[in-house]
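> Have a look at the structure that comes next, please.
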Amino acid sequence: MAPAHLRGTLNIGFQLMITIGIFAANLINYGTASIEGGWGWRVSLGLAAVPALVITIGSLVLPDTPNSLIERGHDEEAQAMLRKIRGTEDIGAEYDDLVAASDEAKSVDHPWSNILQRKYRPQLTMAILIPCFQQLTGINVIMFYAPVLFKTIGFGSEASLASAVITGMVIVFGTFVSIATVDKLGRRKLFLQGGTQMLVSQLVVGTLIALKFGISGVATDVTKNYASIIVLFICFYVAAFAWSWGPLGWLVPSEIFPLEIRSAGQSITVSVNMFFTFLIAQVFLTALCHLKFGLFYFFAGWVAIMTAFIAFFLPETKSVPIEEIILVWKKHWFWSKFISDEDVHVGNPEAVDYRIEDA
Ligand SMILES: OC[C@H]1O[C@](O)(CO)[C@@H](O)[C@@H]1O
């Protein structure tokens, strides 16, 4: 329901909540570290139950949405709920829209076989590659293991947790930058700038670690200043992720699926993201032991690949209404091969031309 020109800003609310959660968790870890008797980490872990509890209790008092009532055939209740939410009796037009959207959604029969059609090859590719690439930036190596990493490069326990609070702050800040700019600059500019900044930062961090730790992985003379410079470049990397791959890894897939394939496309995106999050969390410690500083070069290599991928294969989707997205692929130098003229029966190509050139 988001208007096309605000879609980016509104969609990024999701990633913003994730980053605020990460920041809050890092703050709690810092605070509970001083609790004596081995209770600190238990309290920290236990506090994760608080948001879960709020959601669980909240769900008991959460009203049904008009949408869900319509879908289940409770038309009267849906209208009553809409009147209550909007605080007016005048809900006719919106109600009709909701019924039309629900009818349209019901007419979609086979989203999973639809998405395999040739004309949806661009969407299928993006649904798989974008979340996969988002995780191959290596962000969760920093997010999950920042304190371990900081300790390895010579900080004490407390300073390591404090540094994690700093990266937590940076990721929230970077996400706000994305919110403020995504519908003005467009998706491609953020992806390309963010990717380049991440690449440079990873190469610098890898090299700084290589110079001190070499291939033995052991160093005794890392000064505070040296370690602080590493943290600084890690912050550059985190900030760039936070305004590029972090939010756009969700936003772009969500705005390229027409209704016919939306449920399948979104399921693929979420599953691929979670699968790679799990995989990287599992292999990180072993990979660090084997690759040492090379791990940063490894992820830098992936960032180079994904940035090139965006440059060549991702068209700009800023401000393009979702129903007209097929015209964007149809005009693309590579994806146009997959879309025949009969597949295009919406909108006005000229209008999209304007928006794309504007982007
Ligand atoms: O902001 C970092 C966080 O964002 C995600 O990539 C999800 O978009 C998580 O996997 C990560 O922990």
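Chain labels follow the order of the structure tokens: the first chain is A, the next B, and so on; residue numbering restarts at 1 in every chain, and ligands are counted from 1 in their shown order.
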Pick out the residues sitting within 12 Å of His110 of chain A, and hand them over as a list in words; count only C-alpha atoms, and ignore anything fewer than 6 positions along from it in its own chain.
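Answer for this query is Leu116, Gln117, Leu259, Glu260, Ile261, Arg262, Ser263 and Ala264 of chain A.
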> Against ligand 1, which residues of chain A fall within 6 Å? For each one I want the closest pair of atoms and the distance in Å (one decimal), counting only C-alpha atoms and all ligand atoms, rows by chain and increasing residue number, as CSV.

residue,atom,partner,partner_atom_place_in_ligand_line,distance
A:Gln15,CA,ligand 1,8 (O),5.8
A:Thr19,CA,ligand 1,1 (O),5.1
A:Asn140,CA,ligand 1,12 (O),5.3
A:Met143,CA,ligand 1,12 (O),5.8
A:Gly246,CA,ligand 1,8 (O),4.8
A:Thr277,CA,ligand 1,10 (O),5.8
> Can I get the selected residues back with N, CA, C and O atoms, as a short mmCIF file (atom, residue, chain, number, x, y, z; two decimals), in the first residue's frame?

data_model
loop_
_atom_site.label_atom_id
_atom_site.label_comp_id
_atom_site.auth_asym_id
_atom_site.auth_seq_id
_atom_site.Cartn_x
_atom_site.Cartn_y
_atom_site.Cartn_z
N GLN A 15 14.46 -3.14 8.53
CA GLN A 15 15.89 -3.28 8.84
C GLN A 15 16.27 -2.37 10.00
O GLN A 15 17.13 -2.72 10.81
N THR A 19 18.42 -3.37 13.36
CA THR A 19 19.66 -2.73 13.81
C THR A 19 19.50 -2.14 15.22
O THR A 19 20.42 -2.18 16.01
N ASN A 140 27.75 -10.46 9.30
CA ASN A 140 27.50 -11.11 10.59
C ASN A 140 28.75 -11.62 11.28
O ASN A 140 28.72 -11.94 12.46
N MET A 143 28.88 -8.55 13.20
CA MET A 143 27.75 -8.38 14.13
C MET A 143 27.74 -9.45 15.23
O MET A 143 27.49 -9.17 16.39
N GLY A 246 22.39 -3.87 3.69
CA GLY A 246 21.50 -4.19 4.82
C GLY A 246 20.05 -3.97 4.44
O GLY A 246 19.27 -4.92 4.26
N THR A 277 22.77 -16.84 6.59
CA THR A 277 23.11 -16.31 7.93
C THR A 277 23.60 -17.47 8.80
O THR A 277 24.63 -17.39 9.46
#
> Tell me which protein, DNA and RNA residues are within 10 Å of Ala304 of chain A, counting only C-alpha atoms, leaving out same-chain ones fewer than 6 positions away, and put them as a list of chain:residue names.
A:Thr137, A:Gly195, A:Thr196, A:Met198, A:Leu199, A:Val200
> Compare A:Ala100, A:Met169, A:Leu136, A:Val303 by their minimum atom-to-atom distance to Phe278 of chain A, counting only C-alpha atoms, and give me the closest one.
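Using only C-alpha atoms, the shortest distance to Phe278 of chain A belongs to A:Leu136.
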> Do a neighbour search on segment 87-95 of chain A at 10 Å with only C-alpha atoms, toss out local chain neighbours closer than 3 positions, and write the hits as a list in words.
Pro66, Asn67, Ile70, Asp75, Ala78, Gln79, Ala80, Met81, Leu82, Arg83, Lys84, Leu98, Val99, Ala100 and Ala101 of chain A
> Counting only C-alpha atoms, figure out which residue out of A:Ile128, A:Val182, A:Leu62, A:Val205 gets nearest to Tyr297 of chain A.
A:Val205
> Contacts of Thr207 of chain A at 9 Å or less, counting only C-alpha atoms, minus same-chain residues fewer than 2 places along, as a list in words?
Gln202, Leu203, Val204, Val205, Ile209, Ala210, Leu211, Lys212, Phe293, Gly294, Phe296 and Tyr297 of chain A
> I'd like the neighbourhood of Ala281 of chain A as number ranges by chain, where a residue qualifies if any of its atoms comes within 10 Å (using only C-alpha atoms), though same-chain residues fewer than 5 positions away should be ignored.
A: 138, 140-141, 144-145, 276
> What is the distance, in Å and to one decimal place, between atom CA of Thr167 of chain A and atom CA of Ile130 of chain A?
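Rounded to one decimal, the two atoms are 23.5 Å apart.
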> What's the 12 Å shell around Pro253 of chain A, counting only C-alpha atoms, without same-chain residues fewer than 4 positions away, as a count of residues only?
37
> What residues in segment 100-289 of chain A get the DSSP label alpha helix (DSSP H)? Please answer as a ChimeraX atom specification.
/A:100-106,111-114,121-136,139-152,157-185,187-213,224-243,245-254,259-289
